[in-house]
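K.L.:
Here it is: the structure, laid out below.
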Amino acid sequence: MFDTPGHAAFNSMRSRGAHLVDTVLLVVAADEGVKPQTIESIRLARSAHVPIVVAINKIDRNGSNPENVITQLKKHGLVNEEDGGDTAMIACSAKTGDGLDELLKTIRLSLKCR
């Protein structure tokens, strides 16, 4: 995996990184939703033919709405496995640890299937 800051100034770094990895872990804040750099990362992962695992983070925050994030991602072609798609989307909180075991298990499975 290759981690880049979300700021738009890092687009070229994300582009190079997408071609170096086996799986893209796309982290989307449940209280902020999809942003332009999220859309750019989706596009880059697709162009590199790399599977995407989505971590819907910050589910512990007031105003978090994981279902809204799933709806937003669907508009950009990422459909949750639970809805018949091929993208694993795991709701989690880095702060509390909720969902992290499932996220790690999903990442490992994605890497084994690659």
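Just so we're on the same page: first chain in the structure tokens is A, next is B, and so on; residues restart at 1 for each chain, and ligands are numbered from 1 in the order they show up.
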Name the residues of chain A that come out as strand (DSSP E or B) in a backbone DSSP run; write them as a list in words.

P.N.:
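Matching residues, listed in order: Val24, Leu25, Leu26, Val27, Val28, Ala29, Ile52, Val53, Val54, Ala55, Ile56, Asn57, Asn80, Thr87, Ala88, Met89, Ile90 and Ala91 of chain A.
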
K.L.:
Could you write those residues out with N, CA, C and O atoms, as a short mmCIF file (atom, residue, chain, number, x, y, z; two decimals), in the first residue's frame?

P.N.:
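Output (out_13.cif):
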```cif
data_model
loop_
_atom_site.label_atom_id
_atom_site.label_comp_id
_atom_site.auth_asym_id
_atom_site.auth_seq_id
_atom_site.Cartn_x
_atom_site.Cartn_y
_atom_site.Cartn_z
N VAL A 24 -5.57 -0.77 -3.39
CA VAL A 24 -5.71 0.61 -2.92
C VAL A 24 -6.66 0.60 -1.73
O VAL A 24 -7.76 0.07 -1.81
N LEU A 25 -6.20 1.19 -0.62
CA LEU A 25 -7.05 1.39 0.54
C LEU A 25 -7.48 2.85 0.49
O LEU A 25 -6.68 3.75 0.72
N LEU A 26 -8.73 3.04 0.17
CA LEU A 26 -9.30 4.38 0.05
C LEU A 26 -9.99 4.70 1.37
O LEU A 26 -10.94 4.04 1.76
N VAL A 27 -9.50 5.73 2.06
CA VAL A 27 -10.05 6.11 3.36
C VAL A 27 -10.92 7.35 3.17
O VAL A 27 -10.45 8.37 2.67
N VAL A 28 -12.19 7.21 3.53
CA VAL A 28 -13.15 8.31 3.39
C VAL A 28 -13.74 8.58 4.77
O VAL A 28 -14.21 7.67 5.44
N ALA A 29 -13.70 9.84 5.18
CA ALA A 29 -14.25 10.22 6.49
C ALA A 29 -15.77 10.18 6.44
O ALA A 29 -16.39 10.79 5.56
N ILE A 52 -9.90 -1.99 -5.07
CA ILE A 52 -10.07 -0.94 -4.07
C ILE A 52 -10.81 -1.51 -2.86
O ILE A 52 -11.83 -2.18 -3.02
N VAL A 53 -10.26 -1.24 -1.69
CA VAL A 53 -10.94 -1.50 -0.43
C VAL A 53 -11.21 -0.13 0.18
O VAL A 53 -10.31 0.71 0.26
N VAL A 54 -12.45 0.11 0.61
CA VAL A 54 -12.81 1.40 1.19
C VAL A 54 -12.95 1.28 2.70
O VAL A 54 -13.68 0.42 3.20
N ALA A 55 -12.23 2.15 3.41
CA ALA A 55 -12.39 2.28 4.85
C ALA A 55 -13.19 3.55 5.09
O ALA A 55 -12.75 4.65 4.75
N ILE A 56 -14.39 3.37 5.61
CA ILE A 56 -15.22 4.53 5.96
C ILE A 56 -14.91 4.83 7.42
O ILE A 56 -15.42 4.20 8.32
N ASN A 57 -14.02 5.79 7.62
CA ASN A 57 -13.44 6.08 8.92
C ASN A 57 -14.24 7.16 9.66
O ASN A 57 -15.09 7.82 9.08
N ASN A 80 -20.79 -1.33 -3.09
CA ASN A 80 -20.50 -2.16 -1.94
C ASN A 80 -20.83 -3.63 -2.23
O ASN A 80 -21.84 -3.94 -2.87
N THR A 87 -16.78 -4.00 -4.42
CA THR A 87 -15.92 -3.17 -3.58
C THR A 87 -16.26 -3.41 -2.11
O THR A 87 -17.39 -3.22 -1.68
N ALA A 88 -15.24 -3.84 -1.36
CA ALA A 88 -15.42 -4.01 0.09
C ALA A 88 -15.40 -2.63 0.73
O ALA A 88 -14.50 -1.83 0.47
N MET A 89 -16.41 -2.34 1.54
CA MET A 89 -16.49 -1.08 2.26
C MET A 89 -16.69 -1.39 3.73
O MET A 89 -17.68 -2.01 4.10
N ILE A 90 -15.73 -0.96 4.54
CA ILE A 90 -15.73 -1.28 5.95
C ILE A 90 -15.86 0.00 6.76
O ILE A 90 -15.04 0.91 6.65
N ALA A 91 -16.92 0.08 7.58
CA ALA A 91 -17.09 1.21 8.49
C ALA A 91 -16.17 0.99 9.69
O ALA A 91 -16.14 -0.11 10.26
#
```

K.L.:
Considering only C-alpha atoms, can you say which of A:Asp22, A:Val34, A:Lys58, A:Leu109 comes closest to A:Ile70?

P.N.:
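Between A:Asp22, A:Val34, A:Lys58, A:Leu109, the residue approaching A:Ile70 most closely is A:Val34.
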
K.L.:
Which residue is closest to A:Ala94? Choose from A:Ile59, A:Glu32, A:Glu40, A:Val21 and count only C-alpha atoms.

P.N.:
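Among the listed residues, A:Ile59 lies closest to A:Ala94.
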
K.L.:
Counting only C-alpha atoms, which of A:Gly85, A:Gln37, A:Leu78, A:Ala30 gets nearest to A:Asn62?

P.N.:
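Going through A:Gly85, A:Gln37, A:Leu78, A:Ala30 one by one, the smallest distance to A:Asn62 is for A:Ala30.
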
K.L.:
Neighbours of A:Ile39 within 9 Å (only C-alpha atoms; same-chain residues fewer than 5 positions away dropped), as a list in words?

P.N.:
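The neighbour list is Val34, Leu44, Leu73 and His76 of chain A.
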
K.L.:
Going by DSSP on the backbone, which residues of stretch 37-108 of chain A come out as alpha helix (DSSP H)? List them as a list of chain:residue names.

P.N.:
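Result set for stretch 37-108 of chain A (alpha helix (DSSP H)): A:Gln37, A:Thr38, A:Ile39, A:Glu40, A:Ser41, A:Ile42, A:Arg43, A:Leu44, A:Ala45, A:Arg46, A:Ser47, A:Pro66, A:Glu67, A:Asn68, A:Val69, A:Ile70, A:Thr71, A:Gln72, A:Leu73, A:Lys74, A:Leu100, A:Asp101, A:Glu102, A:Leu103, A:Leu104, A:Lys105, A:Thr106, A:Ile107, A:Arg108.
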
K.L.:
Rank nothing, just name the residue among A:Asp101, A:Lys112, A:Pro51, A:Asn68 nearest to A:Asp86, using only C-alpha atoms.

P.N.:
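The answer is A:Pro51, which sits nearest to A:Asp86.
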